[in-house]
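Q: Below is a structure I'd like to ask you about.
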Amino acid sequence: MVAIIGFNQHFDTKYLYVAGLSWWEGSNAYDPEVASRLGANQSLGSFFYPPQIAPLCLLLGAFPWTPAKVVMTLLNGVSAGVLAYFCVLLVKQPQMKRLRVKGSGSVWFIPAIVLANPFTLNVILLGQTTLIVAAALVSGWYYAYRDKWVLSGILIAISTIKPQLSLLFILWLLLERRWRLLAVAALTILIFCLVPIAITGPIDVFVEWFDSIGEHKNVFANVLGSTAVFSIQNLLYAAGIQMPQLLPVGIVIMGLLWRYRSRLIIDDVIGLLMAISLLFGFAHHYDLIALAPLMAAFWRHLHHCPRGTFVALTVMFVMCFPRNVFMTFIDNELLLQYRVLLALGATIWLGVMSIQRKAEIQRVQ
């Protein structure tokens, strides 16, 4: 087993890589001692990803470290392209055909926003999995509402490698009673977990993963008050208000959206669910690239409205603008949470536009 050194960039890739090496060796990737030993003088701590991440880890672990970084970079680059492509499809081939946007503007504008986004670059440099998960969720959602349940189930299974982003989508599909799709997803997840299950056991591997989640919140970049954390909970913490985890609130909001889904444009819902996951769950600022379907929805609603387009573009620009610039002249933790307020405002704005547009369509019918 080789020692791994020099993890400057691809900070997150190293966790995936070490897990892959340990599974190739037949060791338990959730054992902190394994990660510490593989990391030489650098303790990597616990491995926090769920067992279904194994195929990606094994792929990376099949290469030496430098080629593994190249592989992860290529995967993220392809995922960014897939994410942009399906965001365009949500505009050009919406589930409700009368919402189709004519012209070619979205074909270049939406990919430009996704591919040239600072968050995209950040995810690629860190070797994070947000682009992979976001691409799987958007494409899985797209196919779920185009009656391709097998492909959608596989894509949703891939998205579960980051449960904090995929949870609300799975709950939505449960409420929709899409049993065939969910069965495919469950079977795919089981197949993805076969190697960790064979090494650690079918129950122990999930028990150890759940145990590692408890340690995840204590990592320096994940604690409340960290400038890396993005959530309403962290915003309130910066304001001096300590609140428990707000995910239950997000689940309630998701349930309300489902209850009144007939009043919404269904292709807007994916953007709303993504935003709710980030705002009320746990996320980092680079995870905001997952709001790409929200941007596509704004294009669908505002492409014919210059004033609204200008406001939306301004919000997106400020949200994506590097915070380090603001941090040089703003010494206030609460003000530095401005992205949370912008994302919350954009989510509410989209919800209102979706309701209004659906009402207009129903009146015409």
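FYI, nothing fancy with the structure tokens labels: chains A, B, ... in order, residues from 1 per chain, ligands from 1 as they appear.
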Under the rule of at most 7 Å, produce a per-residue listing of range 286-351 of chain A near range 228-241 of chain A: chain, number, name, the closest pair of atoms, and the distance in Å, as JSON lines, using only C-alpha atoms.
A:
```
{"residue": "A:Glu333", "atom": "CA", "partner": "A:Ala238", "partner_atom": "CA", "distance": 5.8}
{"residue": "A:Leu334", "atom": "CA", "partner": "A:Ala238", "partner_atom": "CA", "distance": 5.0}
{"residue": "A:Gln337", "atom": "CA", "partner": "A:Leu235", "partner_atom": "CA", "distance": 5.8}
{"residue": "A:Val340", "atom": "CA", "partner": "A:Ser231", "partner_atom": "CA", "distance": 6.4}
```
Q: Using DSSP on the backbone coordinates, identify all residues within range 5-184 of chain A classified as helix (DSSP H, G or I); present the result as an mmCIF file with C-alpha atoms, in the first residue's frame.
A:
```cif
data_model
loop_
_atom_site.group_PDB
_atom_site.id
_atom_site.type_symbol
_atom_site.label_atom_id
_atom_site.label_comp_id
_atom_site.auth_asym_id
_atom_site.auth_seq_id
_atom_site.Cartn_x
_atom_site.Cartn_y
_atom_site.Cartn_z
ATOM 1 C CA THR A 13 -10.536 13.367 -3.613
ATOM 2 C CA LYS A 14 -8.039 12.059 -1.084
ATOM 3 C CA TYR A 15 -10.840 10.689 1.103
ATOM 4 C CA LEU A 16 -12.371 8.890 -1.849
ATOM 5 C CA TYR A 17 -8.955 7.651 -2.951
ATOM 6 C CA VAL A 18 -7.975 6.351 0.490
ATOM 7 C CA ALA A 19 -11.322 4.587 0.797
ATOM 8 C CA GLY A 20 -10.793 2.998 -2.605
ATOM 9 C CA LEU A 21 -7.301 1.795 -1.649
ATOM 10 C CA SER A 22 -8.574 0.339 1.617
ATOM 11 C CA TRP A 23 -11.426 -1.504 -0.111
ATOM 12 C CA TRP A 24 -9.045 -2.842 -2.753
ATOM 13 C CA GLU A 25 -6.887 -4.101 0.102
ATOM 14 C CA PRO A 32 -10.056 5.961 11.157
ATOM 15 C CA GLU A 33 -6.799 4.070 11.696
ATOM 16 C CA VAL A 34 -6.837 2.942 8.066
ATOM 17 C CA ALA A 35 -7.133 6.516 6.818
ATOM 18 C CA SER A 36 -4.446 7.707 9.237
ATOM 19 C CA ARG A 37 -2.022 4.966 8.190
ATOM 20 C CA LEU A 38 -2.583 5.552 4.491
ATOM 21 C CA PRO A 51 -21.170 2.760 1.183
ATOM 22 C CA GLN A 52 -22.712 3.245 -2.290
ATOM 23 C CA ILE A 53 -19.805 5.568 -3.096
ATOM 24 C CA ALA A 54 -17.678 2.404 -3.448
ATOM 25 C CA PRO A 55 -17.616 2.195 -7.298
ATOM 26 C CA LEU A 56 -16.217 5.726 -7.552
ATOM 27 C CA CYS A 57 -13.676 5.075 -4.790
ATOM 28 C CA LEU A 58 -12.599 1.775 -6.333
ATOM 29 C CA LEU A 59 -12.200 3.473 -9.708
ATOM 30 C CA LEU A 60 -9.927 6.131 -8.216
ATOM 31 C CA GLY A 61 -8.042 3.594 -6.103
ATOM 32 C CA TRP A 65 -2.528 9.179 -7.026
ATOM 33 C CA THR A 66 -1.694 11.565 -9.882
ATOM 34 C CA PRO A 67 -3.774 9.741 -12.537
ATOM 35 C CA ALA A 68 -6.567 9.390 -9.954
ATOM 36 C CA LYS A 69 -6.730 13.183 -9.658
ATOM 37 C CA VAL A 70 -6.979 13.419 -13.432
ATOM 38 C CA VAL A 71 -9.820 10.874 -13.450
ATOM 39 C CA MET A 72 -11.729 12.822 -10.790
ATOM 40 C CA THR A 73 -11.209 16.063 -12.695
ATOM 41 C CA LEU A 74 -12.545 14.478 -15.881
ATOM 42 C CA LEU A 75 -15.564 13.041 -14.054
ATOM 43 C CA ASN A 76 -16.389 16.442 -12.608
ATOM 44 C CA GLY A 77 -15.885 18.135 -15.972
ATOM 45 C CA VAL A 78 -18.233 15.697 -17.682
ATOM 46 C CA SER A 79 -20.743 16.102 -14.834
ATOM 47 C CA ALA A 80 -20.706 19.880 -15.282
ATOM 48 C CA GLY A 81 -21.489 19.380 -18.957
ATOM 49 C CA VAL A 82 -24.300 16.928 -18.161
ATOM 50 C CA LEU A 83 -25.742 19.326 -15.585
ATOM 51 C CA ALA A 84 -25.740 22.172 -18.113
ATOM 52 C CA TYR A 85 -27.259 19.945 -20.813
ATOM 53 C CA PHE A 86 -30.224 18.835 -18.707
ATOM 54 C CA CYS A 87 -30.833 22.355 -17.431
ATOM 55 C CA VAL A 88 -31.153 23.383 -21.082
ATOM 56 C CA LEU A 89 -33.545 20.474 -21.703
ATOM 57 C CA LEU A 90 -35.745 21.689 -18.847
ATOM 58 C CA VAL A 91 -36.124 24.905 -20.857
ATOM 59 C CA LYS A 92 -36.190 23.552 -24.405
ATOM 60 C CA LYS A 97 -44.947 21.676 -23.868
ATOM 61 C CA ARG A 98 -46.569 25.109 -23.927
ATOM 62 C CA LEU A 99 -43.742 26.323 -21.647
ATOM 63 C CA GLY A 105 -30.389 31.951 -26.081
ATOM 64 C CA SER A 106 -30.746 29.302 -23.393
ATOM 65 C CA VAL A 107 -28.537 26.897 -25.351
ATOM 66 C CA TRP A 108 -25.465 29.050 -24.785
ATOM 67 C CA PHE A 109 -26.478 31.150 -21.764
ATOM 68 C CA ILE A 110 -27.303 28.365 -19.284
ATOM 69 C CA PRO A 111 -24.162 26.298 -20.078
ATOM 70 C CA ALA A 112 -22.097 29.472 -19.763
ATOM 71 C CA ILE A 113 -23.490 30.064 -16.262
ATOM 72 C CA VAL A 114 -22.828 26.465 -15.212
ATOM 73 C CA LEU A 115 -19.433 25.915 -16.822
ATOM 74 C CA PRO A 118 -16.698 29.885 -9.756
ATOM 75 C CA PHE A 119 -18.456 27.162 -7.764
ATOM 76 C CA THR A 120 -17.886 24.712 -10.631
ATOM 77 C CA LEU A 121 -14.168 25.473 -10.566
ATOM 78 C CA ASN A 122 -14.143 25.192 -6.777
ATOM 79 C CA VAL A 123 -15.752 21.740 -6.858
ATOM 80 C CA ILE A 124 -13.316 20.565 -9.536
ATOM 81 C CA LEU A 125 -10.258 21.843 -7.647
ATOM 82 C CA LEU A 126 -11.414 20.232 -4.404
ATOM 83 C CA THR A 130 -21.428 18.004 -5.825
ATOM 84 C CA LEU A 131 -21.309 18.209 -9.641
ATOM 85 C CA ILE A 132 -21.755 14.436 -9.965
ATOM 86 C CA VAL A 133 -24.724 14.455 -7.579
ATOM 87 C CA ALA A 134 -26.362 17.546 -9.093
ATOM 88 C CA ALA A 135 -26.040 16.119 -12.612
ATOM 89 C CA ALA A 136 -27.540 12.808 -11.463
ATOM 90 C CA LEU A 137 -30.440 14.538 -9.677
ATOM 91 C CA VAL A 138 -31.362 16.869 -12.538
ATOM 92 C CA SER A 139 -31.142 14.134 -15.175
ATOM 93 C CA GLY A 140 -32.928 11.650 -12.879
ATOM 94 C CA TRP A 141 -35.732 14.144 -12.288
ATOM 95 C CA TYR A 142 -35.986 14.876 -16.011
ATOM 96 C CA TYR A 143 -36.374 11.178 -16.901
ATOM 97 C CA ALA A 144 -38.728 10.495 -13.970
ATOM 98 C CA TRP A 149 -38.160 5.012 -14.705
ATOM 99 C CA VAL A 150 -35.277 2.537 -15.040
ATOM 100 C CA LEU A 151 -32.778 5.177 -16.130
ATOM 101 C CA SER A 152 -34.170 7.624 -13.600
ATOM 102 C CA GLY A 153 -33.845 5.070 -10.794
ATOM 103 C CA ILE A 154 -30.181 4.430 -11.603
ATOM 104 C CA LEU A 155 -29.452 8.169 -11.680
ATOM 105 C CA ILE A 156 -31.270 8.773 -8.396
ATOM 106 C CA ALA A 157 -29.200 5.951 -6.858
ATOM 107 C CA ILE A 158 -26.011 7.723 -7.963
ATOM 108 C CA SER A 159 -27.238 10.937 -6.359
ATOM 109 C CA PRO A 163 -27.620 12.137 0.950
ATOM 110 C CA GLN A 164 -27.969 15.718 2.184
ATOM 111 C CA LEU A 165 -28.740 16.779 -1.397
ATOM 112 C CA SER A 166 -30.821 13.798 -2.508
ATOM 113 C CA LEU A 167 -32.988 13.178 0.575
ATOM 114 C CA LEU A 168 -35.847 15.541 -0.304
ATOM 115 C CA PHE A 169 -35.992 14.209 -3.859
ATOM 116 C CA ILE A 170 -36.347 10.648 -2.597
ATOM 117 C CA LEU A 171 -39.054 11.690 -0.134
ATOM 118 C CA TRP A 172 -40.868 13.462 -2.987
ATOM 119 C CA LEU A 173 -40.722 10.305 -5.107
ATOM 120 C CA LEU A 174 -42.040 8.298 -2.151
ATOM 121 C CA LEU A 175 -44.994 10.654 -1.849
ATOM 122 C CA TRP A 179 -42.419 2.400 -6.604
ATOM 123 C CA ARG A 180 -40.794 0.991 -9.743
ATOM 124 C CA LEU A 181 -38.347 3.858 -9.959
ATOM 125 C CA LEU A 182 -37.506 3.604 -6.265
ATOM 126 C CA ALA A 183 -37.106 -0.180 -6.516
ATOM 127 C CA VAL A 184 -34.553 0.292 -9.304
#
```
Q: Would you kindly return, as a CSV table (one decimal) with N, CA and C atoms, in the first residue's frame, each protein, DNA or RNA residue with an atom no farther than 12 Å from any atom of Gln362 in chain A, considering only C-alpha atoms and excluding same-chain residues fewer than 3 positions away?
A:
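Saved as out-v5.csv:
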```csv
chain,number,residue,atom,x,y,z
A,96,MET,N,-44.3,20.4,-19.6
A,96,MET,CA,-45.5,21.0,-20.2
A,96,MET,C,-45.1,21.8,-21.4
A,98,ARG,N,-46.3,23.7,-23.6
A,98,ARG,CA,-46.6,25.1,-23.9
A,98,ARG,C,-45.6,26.1,-23.2
A,262,SER,N,-50.1,20.6,-7.7
A,262,SER,CA,-50.9,20.9,-8.9
A,262,SER,C,-50.9,22.4,-9.2
A,263,ARG,N,-50.5,23.2,-8.3
A,263,ARG,CA,-50.4,24.7,-8.5
A,263,ARG,C,-49.0,25.1,-9.0
A,264,LEU,N,-48.1,24.2,-9.1
A,264,LEU,CA,-46.7,24.5,-9.5
A,264,LEU,C,-46.4,23.9,-10.9
A,265,ILE,N,-45.5,24.6,-11.6
A,265,ILE,CA,-44.9,24.0,-12.8
A,265,ILE,C,-43.9,22.9,-12.3
A,355,ILE,N,-46.3,29.6,-9.3
A,355,ILE,CA,-47.8,29.5,-9.0
A,355,ILE,C,-48.5,30.4,-10.0
A,356,GLN,N,-48.0,31.6,-10.2
A,356,GLN,CA,-48.7,32.6,-11.1
A,356,GLN,C,-48.8,32.0,-12.5
A,357,ARG,N,-47.7,31.4,-13.0
A,357,ARG,CA,-47.6,30.9,-14.4
A,357,ARG,C,-48.6,29.8,-14.6
A,358,LYS,N,-48.6,28.9,-13.6
A,358,LYS,CA,-49.5,27.7,-13.6
A,358,LYS,C,-51.0,28.2,-13.6
A,359,ALA,N,-51.3,29.2,-12.8
A,359,ALA,CA,-52.7,29.8,-12.8
A,359,ALA,C,-53.0,30.4,-14.1
A,365,GLN,N,-56.8,27.3,-20.3
A,365,GLN,CA,-57.4,26.0,-20.6
A,365,GLN,C,-58.9,26.1,-20.3
```
Q: Kindly give the distance, in Å, that separates CA of Gln9 in chain A and CA of Ser27 in chain A, rounded to a single decimal.
A: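 Between CA of Gln9 in chain A and CA of Ser27 in chain A the gap works out to 25.7 Å.
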Q: Name all residues at most 12 Å from Val311 in chain A (count only C-alpha atoms; drop same-chain ones fewer than 6 positions away) and give them as JSON, numbers by chain.
A: {"A": [298, 299, 302, 303, 305, 317, 318, 342, 345, 346, 349]}
